[in-house]
Amino acid sequence: MGEKLEGRCLCGAVVFAVTLPVRWCAHCHCSMCRRAHGAPYVTWVGVEAARFAFVAGEDQVRRYGSSAQATRSGCAVCGTPLFFEST
């Protein structure tokens, strides 16, 4: 498999790894992403579930069903928005 990259929330309670390559990279400027992040746009990368793994803190992730098709997740400790999953 490819190279692994790690990411984490601001406080480090949630750590995850992604095995490259990613499927896509995009900048979203929809109203929900702007509100969720307090920013003019958000950069996302899409990965297959098999290429994603929690290294630490999966129990610190809080999920929110932001629409019928999407779930947004973040760190329960520091509030960092982390993940977007869609059907």
# chains A, B, ... in the order shown; residues from 1 in each chain; ligands from 1
$ residues_around --residues "Ala39 (chain A)" --least-positions-apart "2" --cutoff "12 Å" --atoms "only C-alpha atoms" --output "tab-separated table (two decimals) with all heavy atoms, in the first residue's frame"
chain	number	residue	atom	x	y	z
A	27	HIS	N	-12.55	21.90	-2.67
A	27	HIS	CA	-12.86	23.03	-1.81
A	27	HIS	C	-14.38	23.21	-1.85
A	27	HIS	O	-14.94	23.42	-2.92
A	27	HIS	CB	-12.19	24.31	-2.30
A	27	HIS	CG	-10.71	24.21	-2.43
A	27	HIS	ND1	-9.88	24.00	-1.35
A	27	HIS	CD2	-9.91	24.27	-3.52
A	27	HIS	CE1	-8.64	23.95	-1.76
A	27	HIS	NE2	-8.62	24.10	-3.07
A	28	CYS	N	-15.01	23.11	-0.70
A	28	CYS	CA	-16.47	23.28	-0.64
A	28	CYS	C	-16.80	24.64	-0.04
A	28	CYS	O	-16.23	25.03	0.97
A	28	CYS	CB	-17.11	22.17	0.19
A	28	CYS	SG	-18.91	22.27	0.17
A	29	HIS	N	-17.72	25.32	-0.68
A	29	HIS	CA	-18.15	26.62	-0.17
A	29	HIS	C	-19.66	26.65	0.05
A	29	HIS	O	-20.28	27.71	0.06
A	29	HIS	CB	-17.72	27.74	-1.13
A	29	HIS	CG	-18.29	27.59	-2.51
A	29	HIS	ND1	-17.71	26.78	-3.44
A	29	HIS	CD2	-19.38	28.12	-3.08
A	29	HIS	CE1	-18.42	26.83	-4.55
A	29	HIS	NE2	-19.45	27.64	-4.36
A	30	CYS	N	-20.27	25.47	0.26
A	30	CYS	CA	-21.70	25.44	0.55
A	30	CYS	C	-21.97	26.10	1.90
A	30	CYS	O	-21.08	26.23	2.74
A	30	CYS	CB	-22.24	24.01	0.52
A	30	CYS	SG	-21.90	23.02	2.00
A	31	SER	N	-23.19	26.51	2.11
A	31	SER	CA	-23.52	27.24	3.34
A	31	SER	C	-23.31	26.38	4.59
A	31	SER	O	-22.90	26.89	5.63
A	31	SER	CB	-24.96	27.76	3.29
A	31	SER	OG	-25.87	26.67	3.19
A	32	MET	N	-23.55	25.09	4.50
A	32	MET	CA	-23.38	24.23	5.67
A	32	MET	C	-21.90	24.10	6.04
A	32	MET	O	-21.55	24.18	7.22
A	32	MET	CB	-24.00	22.86	5.44
A	32	MET	CG	-25.52	22.93	5.39
A	32	MET	SD	-26.27	21.33	5.15
A	32	MET	CE	-26.19	20.70	6.80
A	33	CYS	N	-21.02	23.93	5.07
A	33	CYS	CA	-19.59	23.85	5.36
A	33	CYS	C	-19.07	25.17	5.91
A	33	CYS	O	-18.28	25.20	6.85
A	33	CYS	CB	-18.80	23.45	4.12
A	33	CYS	SG	-18.84	21.67	3.77
A	34	ARG	N	-19.53	26.28	5.34
A	34	ARG	CA	-19.09	27.59	5.83
A	34	ARG	C	-19.51	27.79	7.28
A	34	ARG	O	-18.72	28.26	8.11
A	34	ARG	CB	-19.65	28.70	4.93
A	34	ARG	CG	-19.02	28.71	3.55
A	34	ARG	CD	-19.35	29.96	2.75
A	34	ARG	NE	-20.66	30.51	2.98
A	34	ARG	CZ	-21.68	30.42	2.12
A	34	ARG	NH1	-21.54	29.78	0.98
A	34	ARG	NH2	-22.83	30.97	2.41
A	35	ARG	N	-20.75	27.43	7.62
A	35	ARG	CA	-21.21	27.59	9.00
A	35	ARG	C	-20.49	26.64	9.95
A	35	ARG	O	-20.13	27.01	11.06
A	35	ARG	CB	-22.72	27.36	9.08
A	35	ARG	CG	-23.53	28.50	8.51
A	35	ARG	CD	-25.01	28.40	8.88
A	35	ARG	NE	-25.59	27.10	8.66
A	35	ARG	CZ	-26.29	26.75	7.58
A	35	ARG	NH1	-26.47	27.60	6.61
A	35	ARG	NH2	-26.79	25.54	7.49
A	36	ALA	N	-20.30	25.39	9.52
A	36	ALA	CA	-19.68	24.39	10.39
A	36	ALA	C	-18.24	24.74	10.75
A	36	ALA	O	-17.76	24.39	11.82
A	36	ALA	CB	-19.73	23.02	9.73
A	37	HIS	N	-17.55	25.46	9.86
A	37	HIS	CA	-16.14	25.75	10.07
A	37	HIS	C	-15.84	27.23	10.30
A	37	HIS	O	-14.71	27.58	10.61
A	37	HIS	CB	-15.32	25.25	8.87
A	37	HIS	CG	-15.33	23.77	8.76
A	37	HIS	ND1	-14.33	22.97	9.26
A	37	HIS	CD2	-16.23	22.91	8.21
A	37	HIS	CE1	-14.62	21.71	9.04
A	37	HIS	NE2	-15.77	21.65	8.41
A	41	TYR	N	-14.56	28.74	2.93
A	41	TYR	CA	-14.61	27.44	2.28
A	41	TYR	C	-13.83	26.42	3.11
A	41	TYR	O	-13.06	26.80	3.99
A	41	TYR	CB	-14.08	27.47	0.84
A	41	TYR	CG	-12.60	27.78	0.73
A	41	TYR	CD1	-11.66	26.77	0.71
A	41	TYR	CD2	-12.16	29.10	0.65
A	41	TYR	CE1	-10.30	27.05	0.63
A	41	TYR	CE2	-10.81	29.39	0.56
A	41	TYR	CZ	-9.89	28.36	0.54
A	41	TYR	OH	-8.56	28.65	0.46
A	42	VAL	N	-14.05	25.15	2.82
A	42	VAL	CA	-13.37	24.06	3.53
A	42	VAL	C	-12.74	23.16	2.49
A	42	VAL	O	-13.35	22.85	1.47
A	42	VAL	CB	-14.36	23.25	4.39
A	42	VAL	CG1	-13.67	22.10	5.09
A	42	VAL	CG2	-15.05	24.14	5.40
A	43	THR	N	-11.53	22.71	2.74
A	43	THR	CA	-10.88	21.77	1.85
A	43	THR	C	-11.06	20.36	2.41
A	43	THR	O	-10.74	20.11	3.57
A	43	THR	CB	-9.38	22.09	1.71
A	43	THR	OG1	-9.24	23.43	1.22
A	43	THR	CG2	-8.70	21.13	0.74
A	81	PRO	N	-13.60	20.58	14.10
A	81	PRO	CA	-14.34	19.82	13.08
A	81	PRO	C	-13.34	18.94	12.33
A	81	PRO	O	-12.27	19.40	11.94
A	81	PRO	CB	-14.91	20.89	12.17
A	81	PRO	CG	-14.69	22.20	12.83
A	81	PRO	CD	-13.59	22.01	13.82
$ closest_atom_pairs --of "region 29-64 of chain A" --to "region 71-80 of chain A" --cutoff "9 Å" --atoms "only C-alpha atoms" --output "JSON lines"
{"residue": "A:Ala36", "atom": "CA", "partner": "A:Arg72", "partner_atom": "CA", "distance": 8.7}
{"residue": "A:His37", "atom": "CA", "partner": "A:Thr80", "partner_atom": "CA", "distance": 8.8}
{"residue": "A:Gly57", "atom": "CA", "partner": "A:Cys75", "partner_atom": "CA", "distance": 8.7}
{"residue": "A:Asp59", "atom": "CA", "partner": "A:Ala76", "partner_atom": "CA", "distance": 9.0}
{"residue": "A:Gln60", "atom": "CA", "partner": "A:Ala76", "partner_atom": "CA", "distance": 5.4}
{"residue": "A:Val61", "atom": "CA", "partner": "A:Cys75", "partner_atom": "CA", "distance": 4.9}
{"residue": "A:Arg62", "atom": "CA", "partner": "A:Ser73", "partner_atom": "CA", "distance": 5.5}
{"residue": "A:Arg63", "atom": "CA", "partner": "A:Ser73", "partner_atom": "CA", "distance": 4.3}
{"residue": "A:Tyr64", "atom": "CA", "partner": "A:Arg72", "partner_atom": "CA", "distance": 5.3}
$ write_last_selection --atoms "N, CA, C and O atoms" --output "JSON list (two decimals), in the first residue's frame"
[["chain", "number", "residue", "atom", "x", "y", "z"],
["A", 36, "ALA", "N", -20.30, 25.39, 9.52],
["A", 36, "ALA", "CA", -19.68, 24.39, 10.39],
["A", 36, "ALA", "C", -18.24, 24.74, 10.75],
["A", 36, "ALA", "O", -17.76, 24.39, 11.82],
["A", 37, "HIS", "N", -17.55, 25.46, 9.86],
["A", 37, "HIS", "CA", -16.14, 25.75, 10.07],
["A", 37, "HIS", "C", -15.84, 27.23, 10.30],
["A", 37, "HIS", "O", -14.71, 27.58, 10.61],
["A", 57, "GLY", "N", -8.21, 7.89, 20.07],
["A", 57, "GLY", "CA", -9.31, 8.80, 20.37],
["A", 57, "GLY", "C", -10.60, 8.63, 19.62],
["A", 57, "GLY", "O", -11.42, 9.54, 19.60],
["A", 59, "ASP", "N", -13.12, 7.21, 20.54],
["A", 59, "ASP", "CA", -14.18, 7.42, 21.53],
["A", 59, "ASP", "C", -14.42, 8.90, 21.83],
["A", 59, "ASP", "O", -15.41, 9.25, 22.47],
["A", 60, "GLN", "N", -13.54, 9.77, 21.38],
["A", 60, "GLN", "CA", -13.69, 11.22, 21.58],
["A", 60, "GLN", "C", -14.37, 11.91, 20.39],
["A", 60, "GLN", "O", -14.57, 13.11, 20.41],
["A", 61, "VAL", "N", -14.70, 11.14, 19.37],
["A", 61, "VAL", "CA", -15.36, 11.71, 18.18],
["A", 61, "VAL", "C", -16.85, 11.79, 18.43],
["A", 61, "VAL", "O", -17.48, 10.81, 18.85],
["A", 62, "ARG", "N", -17.42, 12.95, 18.18],
["A", 62, "ARG", "CA", -18.87, 13.14, 18.28],
["A", 62, "ARG", "C", -19.41, 13.40, 16.90],
["A", 62, "ARG", "O", -18.86, 14.17, 16.13],
["A", 63, "ARG", "N", -20.51, 12.70, 16.58],
["A", 63, "ARG", "CA", -21.11, 12.78, 15.25],
["A", 63, "ARG", "C", -22.42, 13.56, 15.29],
["A", 63, "ARG", "O", -23.16, 13.48, 16.27],
["A", 64, "TYR", "N", -22.69, 14.26, 14.19],
["A", 64, "TYR", "CA", -23.90, 15.06, 14.06],
["A", 64, "TYR", "C", -24.48, 14.84, 12.67],
["A", 64, "TYR", "O", -23.78, 15.06, 11.66]]
$ select_by_dssp --residues "chain A" --states "alpha helix (DSSP H)" --output "list in words"
Ser31, Met32, Cys33, Arg34, Arg35, Ala36 and His37 of chain A
$ select_by_dssp --residues "chain A" --states "strand (DSSP E)" --output "PyMOL selection string"
chain A and resi 4-8+15-19+24-28+42-46+52-56+61-65+70-75+81-86
$ atom_distance --atom1 "CA of Ala17 (chain A)" --atom2 "CA of Ser66 (chain A)"
24.1 Å
$ closest_residue --among "A:Val15, A:Ser86, A:Ala70, A:Cys9" --to "Val47 (chain A)" --atoms "only C-alpha atoms"
A:Ser86
$ residues_around --residues "Ala56 (chain A)" --least-positions-apart "5" --cutoff "10 Å" --atoms "only C-alpha atoms" --output "list of chain:residue names"
A:Arg8, A:Gly12, A:Ala13, A:Val14, A:Val15, A:Phe16, A:Ala17
$ write_last_selection --atoms "C-alpha atoms" --output "PDB file, in the first residue's frame"
ATOM      1  CA  ARG A   8      -5.213  15.108  14.435  1.00  0.00           C
ATOM      2  CA  GLY A  12      -4.444  15.721  19.957  1.00  0.00           C
ATOM      3  CA  ALA A  13      -7.197  13.624  21.530  1.00  0.00           C
ATOM      4  CA  VAL A  14      -8.246  12.314  18.093  1.00  0.00           C
ATOM      5  CA  VAL A  15      -5.536  10.980  15.782  1.00  0.00           C
ATOM      6  CA  PHE A  16      -6.217   9.303  12.444  1.00  0.00           C
ATOM      7  CA  ALA A  17      -4.225   7.897   9.534  1.00  0.00           C
TER       8      ALA A  17
END
$ closest_residue --among "A:Val22, A:Ala68, A:Gly46, A:Lys4" --to "Phe84 (chain A)" --atoms "only C-alpha atoms"
A:Gly46
$ atom_distance --atom1 "CA of Gly2 (chain A)" --atom2 "CA of Gln69 (chain A)"
29.8 Å
$ closest_residue --among "A:Leu10, A:Leu20, A:Glu48, A:Glu85" --to "Ser67 (chain A)" --atoms "only C-alpha atoms"
A:Glu85
$ atom_distance --atom1 "CA of Ala50 (chain A)" --atom2 "CA of Cys11 (chain A)"
25.6 Å
$ closest_residue --among "A:Ala53, A:Trp44, A:Gly65, A:Leu5" --to "Leu82 (chain A)" --atoms "only C-alpha atoms"
A:Trp44
